[in-house]
>>> print(open('work-v9.pdb').read())   # PDB, C-alpha atoms
ATOM      1  CA  MET W   1     122.829 125.611  72.127
ATOM      2  CA  ASN W   2     119.261 126.728  71.606
ATOM      3  CA  ILE W   3     117.148 128.671  74.062
ATOM      4  CA  THR W   4     115.097 126.498  76.413
ATOM      5  CA  GLN W   5     111.481 127.453  76.871
ATOM      6  CA  LEU W   6     109.458 125.908  79.673
ATOM      7  CA  SER W   7     105.884 125.034  78.764
ATOM      8  CA  VAL W   8     103.390 124.395  81.563
ATOM      9  CA  PHE W   9      99.895 122.936  81.432
ATOM     10  CA  LEU W  10      97.488 125.039  83.490
ATOM     11  CA  GLU W  11      93.832 124.466  84.161
ATOM     12  CA  ASN W  12      91.760 127.594  83.769
ATOM     13  CA  LYS W  13      91.107 127.956  87.501
ATOM     14  CA  PRO W  14      92.019 130.540  90.126
ATOM     15  CA  GLY W  15      95.336 129.844  91.828
ATOM     16  CA  ARG W  16      96.914 127.602  89.203
ATOM     17  CA  LEU W  17      99.248 130.227  87.756
ATOM     18  CA  GLN W  18      99.976 131.470  91.250
ATOM     19  CA  HIS W  19     101.127 128.000  92.281
ATOM     20  CA  VAL W  20     103.617 127.801  89.407
ATOM     21  CA  LEU W  21     104.941 131.283  90.151
ATOM     22  CA  LYS W  22     105.353 130.404  93.823
ATOM     23  CA  VAL W  23     107.455 127.342  92.945
ATOM     24  CA  LEU W  24     109.768 129.598  90.919
ATOM     25  CA  PHE W  25     109.810 132.335  93.537
ATOM     26  CA  ASP W  26     110.788 129.869  96.287
ATOM     27  CA  ARG W  27     113.877 128.962  94.263
ATOM     28  CA  ALA W  28     114.738 132.539  93.270
ATOM     29  CA  ILE W  29     114.163 131.773  89.595
ATOM     30  CA  ASN W  30     113.620 134.840  87.451
ATOM     31  CA  ILE W  31     111.228 134.966  84.486
ATOM     32  CA  ARG W  32     112.634 136.836  81.486
ATOM     33  CA  THR W  33     109.399 136.701  79.505
ATOM     34  CA  LEU W  34     106.198 134.687  79.318
ATOM     35  CA  THR W  35     103.069 134.234  77.297
ATOM     36  CA  ILE W  36      99.905 132.218  77.829
ATOM     37  CA  ALA W  37      97.925 130.533  75.078
ATOM     38  CA  GLU W  38      94.474 129.594  76.263
ATOM     39  CA  VAL W  39      91.297 127.829  75.283
ATOM     40  CA  SER W  40      88.178 127.621  77.432
ATOM     41  CA  ASP W  41      89.306 124.933  79.910
ATOM     42  CA  PHE W  42      93.068 125.210  80.029
ATOM     43  CA  GLY W  43      96.069 127.209  79.007
ATOM     44  CA  ILE W  44      99.692 126.653  78.143
ATOM     45  CA  LEU W  45     102.120 128.911  79.936
ATOM     46  CA  ARG W  46     105.282 129.412  77.924
ATOM     47  CA  MET W  47     108.179 131.114  79.603
ATOM     48  CA  ILE W  48     111.874 131.834  79.418
ATOM     49  CA  VAL W  49     113.611 131.799  82.796
ATOM     50  CA  ASN W  50     117.154 132.337  83.966
ATOM     51  CA  LYS W  51     117.619 128.777  85.256
ATOM     52  CA  PRO W  52     115.539 126.513  83.004
ATOM     53  CA  GLU W  53     116.857 123.148  84.196
ATOM     54  CA  GLU W  54     116.394 124.038  87.861
ATOM     55  CA  ALA W  55     112.919 125.405  87.151
ATOM     56  CA  TYR W  56     111.959 122.274  85.225
ATOM     57  CA  ALA W  57     113.114 120.000  88.050
ATOM     58  CA  ALA W  58     111.308 122.098  90.671
ATOM     59  CA  LEU W  59     108.025 122.088  88.749
ATOM     60  CA  LYS W  60     108.248 118.352  88.169
ATOM     61  CA  ALA W  61     108.879 117.802  91.869
ATOM     62  CA  GLU W  62     105.654 119.741  92.540
ATOM     63  CA  HIS W  63     103.766 117.502  90.084
ATOM     64  CA  VAL W  64     103.242 120.328  87.624
ATOM     65  CA  THR W  65     102.948 119.095  84.032
ATOM     66  CA  CYS W  66     105.688 120.845  82.094
ATOM     67  CA  SER W  67     108.107 120.290  79.247
ATOM     68  CA  ARG W  68     111.170 121.868  77.697
ATOM     69  CA  THR W  69     111.097 123.166  74.149
ATOM     70  CA  ASP W  70     113.910 124.459  71.947
ATOM     71  CA  VAL W  71     113.132 127.938  70.631
ATOM     72  CA  LEU W  72     115.121 130.565  68.742
ATOM     73  CA  ALA W  73     115.685 134.140  69.887
ATOM     74  CA  VAL W  74     116.440 136.901  67.401
ATOM     75  CA  ALA W  75     117.213 140.530  68.250
ATOM     76  CA  LEU W  76     115.515 143.018  65.963
ATOM     77  CA  GLU W  77     115.845 146.749  65.597
ATOM     78  CA  ASP W  78     112.929 148.376  67.395
ATOM     79  CA  THR W  79     111.792 150.107  64.206
ATOM     80  CA  PRO W  80     108.783 149.847  61.866
ATOM     81  CA  GLY W  81     109.143 147.023  59.358
ATOM     82  CA  ALA W  82     111.848 145.054  61.162
ATOM     83  CA  LEU W  83     109.512 142.186  62.004
ATOM     84  CA  TYR W  84     107.916 142.311  58.564
ATOM     85  CA  ARG W  85     111.272 141.813  56.860
ATOM     86  CA  LEU W  86     112.105 138.860  59.084
ATOM     87  CA  ILE W  87     108.736 137.160  58.593
ATOM     88  CA  ASP W  88     109.006 137.835  54.869
ATOM     89  CA  ALA W  89     112.266 135.888  54.805
ATOM     90  CA  PHE W  90     110.618 132.935  56.545
ATOM     91  CA  SER W  91     107.653 133.103  54.230
ATOM     92  CA  LYS W  92     109.807 133.002  51.109
ATOM     93  CA  ARG W  93     111.458 129.861  52.413
ATOM     94  CA  GLN W  94     108.139 128.245  53.330
ATOM     95  CA  LEU W  95     109.146 128.101  56.985
ATOM     96  CA  ASN W  96     106.129 127.849  59.226
ATOM     97  CA  ILE W  97     106.152 129.487  62.667
ATOM     98  CA  GLU W  98     104.245 127.513  65.283
ATOM     99  CA  TYR W  99     104.084 130.513  67.595
ATOM    100  CA  MET W 100     106.085 133.562  68.605
ATOM    101  CA  TYR W 101     106.256 136.252  71.265
ATOM    102  CA  ALA W 102     108.471 139.179  72.119
ATOM    103  CA  PHE W 103     110.121 141.189  74.830
ATOM    104  CA  THR W 104     112.562 144.070  74.928
ATOM    105  CA  ASP W 105     116.166 143.755  75.991
ATOM    106  CA  ARG W 106     117.395 145.212  79.235
ATOM    107  CA  HIS W 107     118.525 148.422  77.560
ATOM    108  CA  GLY W 108     115.336 148.782  75.521
ATOM    109  CA  GLU W 109     117.209 149.139  72.234
ATOM    110  CA  HIS W 110     116.052 145.917  70.615
ATOM    111  CA  SER W 111     112.987 143.746  70.441
ATOM    112  CA  ILE W 112     113.789 140.142  71.132
ATOM    113  CA  MET W 113     111.569 137.764  69.221
ATOM    114  CA  ILE W 114     111.126 134.204  70.424
ATOM    115  CA  PHE W 115     110.193 131.731  67.679
ATOM    116  CA  ARG W 116     109.010 128.180  67.881
ATOM    117  CA  PHE W 117     109.525 126.277  64.631
ATOM    118  CA  ASP W 118     108.784 122.695  63.749
ATOM    119  CA  ASP W 119     112.185 122.538  62.116
ATOM    120  CA  VAL W 120     114.589 124.524  64.290
ATOM    121  CA  GLU W 121     117.664 123.630  62.259
ATOM    122  CA  ALA W 122     116.136 124.795  58.961
ATOM    123  CA  ALA W 123     115.125 128.053  60.646
ATOM    124  CA  LYS W 124     118.653 128.568  61.983
ATOM    125  CA  LEU W 125     120.094 128.033  58.546
ATOM    126  CA  ALA W 126     117.644 130.493  56.997
ATOM    127  CA  LEU W 127     118.347 133.134  59.637
ATOM    128  CA  GLY W 128     122.092 132.777  59.094
ATOM    129  CA  GLU W 129     121.756 133.122  55.334
ATOM    130  CA  GLU W 130     119.578 136.210  55.728
ATOM    131  CA  GLY W 131     122.206 137.807  57.945
ATOM    132  CA  TYR W 132     120.305 137.667  61.228
ATOM    133  CA  THR W 133     122.095 136.898  64.459
ATOM    134  CA  ILE W 134     120.583 134.181  66.589
ATOM    135  CA  MET W 135     120.983 135.096  70.222
ATOM    136  CA  LYS W 136     123.088 132.838  72.378
ATOM    137  CA  ARG W 137     121.792 130.915  75.323
ATOM    138  CA  THR W 138     123.859 133.057  77.666
ATOM    139  CA  ASP W 139     122.310 136.233  76.194
ATOM    140  CA  ILE W 140     118.819 135.086  77.124
ATOM    141  CA  HIS W 141     119.141 132.843  80.156
ATOM    142  CA  GLY W 142     122.075 134.742  81.577
ATOM    143  CA  GLU W 143     123.770 131.509  82.665
TER     144      GLU W 143
ATOM    145  CA  MET U   1      69.099 114.072  77.638
ATOM    146  CA  ASP U   2      71.988 113.521  80.032
ATOM    147  CA  ASP U   3      75.463 114.863  79.299
ATOM    148  CA  ILE U   4      78.702 113.097  80.115
ATOM    149  CA  GLU U   5      81.952 114.892  80.821
ATOM    150  CA  ILE U   6      85.163 112.882  80.979
ATOM    151  CA  MET U   7      88.136 114.412  82.757
ATOM    152  CA  VAL U   8      91.536 113.365  81.448
ATOM    153  CA  GLU U   9      94.622 114.114  83.503
ATOM    154  CA  VAL U  10      97.463 115.550  81.409
ATOM    155  CA  ASP U  11     100.913 114.298  82.363
ATOM    156  CA  GLU U  12     104.194 115.067  80.640
ATOM    157  CA  GLU U  13     103.855 112.054  78.368
ATOM    158  CA  ILE U  14     100.810 113.460  76.555
ATOM    159  CA  PHE U  15     101.490 117.160  77.074
ATOM    160  CA  SER U  16     102.514 119.389  74.173
ATOM    161  CA  ASP U  17     103.471 123.065  74.119
ATOM    162  CA  GLU U  18     101.205 123.489  71.073
ATOM    163  CA  LEU U  19      97.490 124.158  71.548
ATOM    164  CA  LYS U  20      96.592 122.440  68.304
ATOM    165  CA  VAL U  21      98.175 119.204  69.548
ATOM    166  CA  MET U  22      96.283 119.364  72.848
ATOM    167  CA  ASN U  23      93.004 120.087  71.094
ATOM    168  CA  ALA U  24      93.660 117.198  68.719
ATOM    169  CA  LEU U  25      94.228 114.929  71.718
ATOM    170  CA  ALA U  26      90.838 115.827  73.206
ATOM    171  CA  ASP U  27      89.175 115.359  69.807
ATOM    172  CA  LYS U  28      90.819 111.968  69.364
ATOM    173  CA  ILE U  29      89.645 110.734  72.780
ATOM    174  CA  SER U  30      86.148 112.013  72.078
ATOM    175  CA  SER U  31      86.109 110.318  68.686
ATOM    176  CA  ARG U  32      87.309 107.006  70.144
ATOM    177  CA  MET U  33      84.647 107.133  72.872
ATOM    178  CA  ARG U  34      82.011 107.641  70.223
ATOM    179  CA  SER U  35      83.246 104.899  67.885
ATOM    180  CA  ILE U  36      83.998 102.251  70.532
ATOM    181  CA  LEU U  37      81.387 102.901  73.216
ATOM    182  CA  GLY U  38      78.848 104.795  71.183
ATOM    183  CA  ILE U  39      78.655 107.676  73.642
ATOM    184  CA  SER U  40      79.166 111.326  73.037
ATOM    185  CA  ALA U  41      81.146 112.904  75.864
ATOM    186  CA  LYS U  42      82.766 116.239  76.558
ATOM    187  CA  ILE U  43      86.481 115.701  77.118
ATOM    188  CA  THR U  44      88.042 118.045  79.654
ATOM    189  CA  LEU U  45      91.816 118.091  80.061
ATOM    190  CA  VAL U  46      92.815 118.587  83.697
ATOM    191  CA  GLU U  47      96.011 118.762  85.744
ATOM    192  CA  PRO U  48      97.486 115.655  87.380
ATOM    193  CA  SER U  49      95.876 114.512  90.659
ATOM    194  CA  THR U  50      92.649 116.367  89.890
ATOM    195  CA  ILE U  51      90.595 113.191  89.819
ATOM    196  CA  GLU U  52      89.843 112.057  93.328
ATOM    197  CA  ARG U  53      91.871 109.135  94.649
ATOM    198  CA  SER U  54      90.718 107.100  97.575
ATOM    199  CA  ALA U  55      92.132 104.278  99.679
ATOM    200  CA  GLY U  56      88.823 102.447  99.557
ATOM    201  CA  LYS U  57      86.368 102.271  96.741
ATOM    202  CA  ALA U  58      87.434 104.652  93.989
ATOM    203  CA  LYS U  59      84.989 107.438  93.301
ATOM    204  CA  ARG U  60      85.513 108.120  89.652
ATOM    205  CA  VAL U  61      81.963 108.850  88.593
ATOM    206  CA  ILE U  62      80.224 112.032  89.707
ATOM    207  CA  ASP U  63      76.479 111.918  89.089
ATOM    208  CA  LYS U  64      75.051 115.435  88.964
ATOM    209  CA  ARG U  65      71.582 114.406  87.800
ATOM    210  CA  ILE U  66      68.756 115.462  90.083
ATOM    211  CA  SER U  67      66.805 112.408  91.205
ATOM    212  CA  LYS U  68      63.059 112.714  90.807
TER     213      LYS U  68
END
>>> encode(input="work-v9.pdb", output="structure tokens")
Amino acid sequence: MNITQLSVFLENKPGRLQHVLKVLFDRAINIRTLTIAEVSDFGILRMIVNKPEEAYAALKAEHVTCSRTDVLAVALEDTPGALYRLIDAFSKRQLNIEYMYAFTDRHGEHSIMIFRFDDVEAAKLALGEEGYTIMKRTDIHGE
Amino acid sequence: MDDIEIMVEVDEEIFSDELKVMNALADKISSRMRSILGISAKITLVEPSTIERSAGKAKRVIDKRISK
């Protein structure tokens, strides 16, 4: 199974992010990583949490606009050029990345890249053929 | 000249995790307003329940013009 990212619509106003974080805190949901893409009036909070289905249900119950998106997680050596080589492989196969972000693993030995592709299955195939290991759901969510 | 801002509440049905899709949505609404009603309006995407609801007469228009 793929990694589930939660995406949340946030108005660019004080307290909106805090509200979302409070909903997660109240249910003891842990955020593994997050990123925010913003324009002038609003932003999209994208995050990976330990209990995505529970978090999704809780946010919906609080009338927060959110959705679930399949993303891929790849562990890379934390060395110069590792990301370049990976992106080069995508580029050669004409695979377009919608967006990406990163965090380090718990031991700090690897960078974990999160990728959002239009065509997840084509990206999985390409990663497999290039010898990359796609991280399992349990590796990321810890479920 | 007066300016019009239209607030559009974003629910899960129209929400996307991609900024380009959300921007395209606002552009599409703006374009439709211009072609159908002939007005140019700023489209602002807002969270659900932002627009005031009322049990009586709905207050959906906020007039910020200063009367002379």
>>> closest_atom_pairs(input="work-v9.pdb", of="chain U", to="chain W", cutoff="12 Å", atoms="all atoms listed in the file", output="CSV")
residue,atom,partner,partner_atom,distance
U:Met7,CA,W:Asp41,CA,11.0
U:Val8,CA,W:Glu11,CA,11.7
U:Glu9,CA,W:Thr65,CA,9.7
U:Val10,CA,W:Thr65,CA,7.0
U:Asp11,CA,W:Thr65,CA,5.5
U:Glu12,CA,W:Thr65,CA,5.4
U:Glu13,CA,W:Thr65,CA,9.1
U:Ile14,CA,W:Thr65,CA,9.6
U:Phe15,CA,W:Thr65,CA,7.4
U:Ser16,CA,W:Ser67,CA,7.6
U:Asp17,CA,W:Ser7,CA,5.6
U:Glu18,CA,W:Glu98,CA,7.7
U:Leu19,CA,W:Ala37,CA,7.3
U:Lys20,CA,W:Glu98,CA,9.7
U:Val21,CA,W:Glu98,CA,11.1
U:Met22,CA,W:Ile44,CA,9.6
U:Asn23,CA,W:Val39,CA,9.0
U:Ala26,CA,W:Asp41,CA,11.4
U:Lys42,CA,W:Asp41,CA,11.4
U:Ile43,CA,W:Asp41,CA,10.1
U:Thr44,CA,W:Asp41,CA,7.0
U:Leu45,CA,W:Phe42,CA,7.2
U:Val46,CA,W:Glu11,CA,6.0
U:Glu47,CA,W:Glu11,CA,6.3
U:Pro48,CA,W:His63,CA,7.1
U:Ser49,CA,W:His63,CA,8.5
U:Thr50,CA,W:Glu11,CA,10.0
>>> write_last_selection(input="work-v9.pdb", atoms="C-alpha atoms", output="compact mmCIF listing (two decimals), in the coordinates of the input")
# COMPACT_ATOMS: atom_id res chain seq x y z
CA MET U 7 88.14 114.41 82.76
CA VAL U 8 91.54 113.36 81.45
CA GLU U 9 94.62 114.11 83.50
CA VAL U 10 97.46 115.55 81.41
CA ASP U 11 100.91 114.30 82.36
CA GLU U 12 104.19 115.07 80.64
CA GLU U 13 103.86 112.05 78.37
CA ILE U 14 100.81 113.46 76.56
CA PHE U 15 101.49 117.16 77.07
CA SER U 16 102.51 119.39 74.17
CA ASP U 17 103.47 123.06 74.12
CA GLU U 18 101.20 123.49 71.07
CA LEU U 19 97.49 124.16 71.55
CA LYS U 20 96.59 122.44 68.30
CA VAL U 21 98.18 119.20 69.55
CA MET U 22 96.28 119.36 72.85
CA ASN U 23 93.00 120.09 71.09
CA ALA U 26 90.84 115.83 73.21
CA LYS U 42 82.77 116.24 76.56
CA ILE U 43 86.48 115.70 77.12
CA THR U 44 88.04 118.04 79.65
CA LEU U 45 91.82 118.09 80.06
CA VAL U 46 92.82 118.59 83.70
CA GLU U 47 96.01 118.76 85.74
CA PRO U 48 97.49 115.66 87.38
CA SER U 49 95.88 114.51 90.66
CA THR U 50 92.65 116.37 89.89
>>> resolve_selection(input="work-v9.pdb", expression="the PyMOL selection byres ((chain W and resi 20) around 10)", output="PyMOL selection string")
chain W and resi 8+10+15-19+21-25+45+55+58-59+62+64
>>> write_last_selection(input="work-v9.pdb", atoms="C-alpha atoms", output="compact mmCIF listing (two decimals), in the frame of the given file")
# COMPACT_ATOMS: atom_id res chain seq x y z
CA VAL W 8 103.39 124.40 81.56
CA LEU W 10 97.49 125.04 83.49
CA GLY W 15 95.34 129.84 91.83
CA ARG W 16 96.91 127.60 89.20
CA LEU W 17 99.25 130.23 87.76
CA GLN W 18 99.98 131.47 91.25
CA HIS W 19 101.13 128.00 92.28
CA LEU W 21 104.94 131.28 90.15
CA LYS W 22 105.35 130.40 93.82
CA VAL W 23 107.46 127.34 92.94
CA LEU W 24 109.77 129.60 90.92
CA PHE W 25 109.81 132.34 93.54
CA LEU W 45 102.12 128.91 79.94
CA ALA W 55 112.92 125.40 87.15
CA ALA W 58 111.31 122.10 90.67
CA LEU W 59 108.02 122.09 88.75
CA GLU W 62 105.65 119.74 92.54
CA VAL W 64 103.24 120.33 87.62
>>> resolve_selection(input="work-v9.pdb", expression="the PyMOL selection byres ((chain U and resi 61-66) around 12)", output="ChimeraX atom specification")
/U:1-7,51-53,57-60,67-68
>>> atom_distance(input="work-v9.pdb", atom1="atom CA of W:Ile114", atom2="atom CA of W:Ala57")
22.7 Å
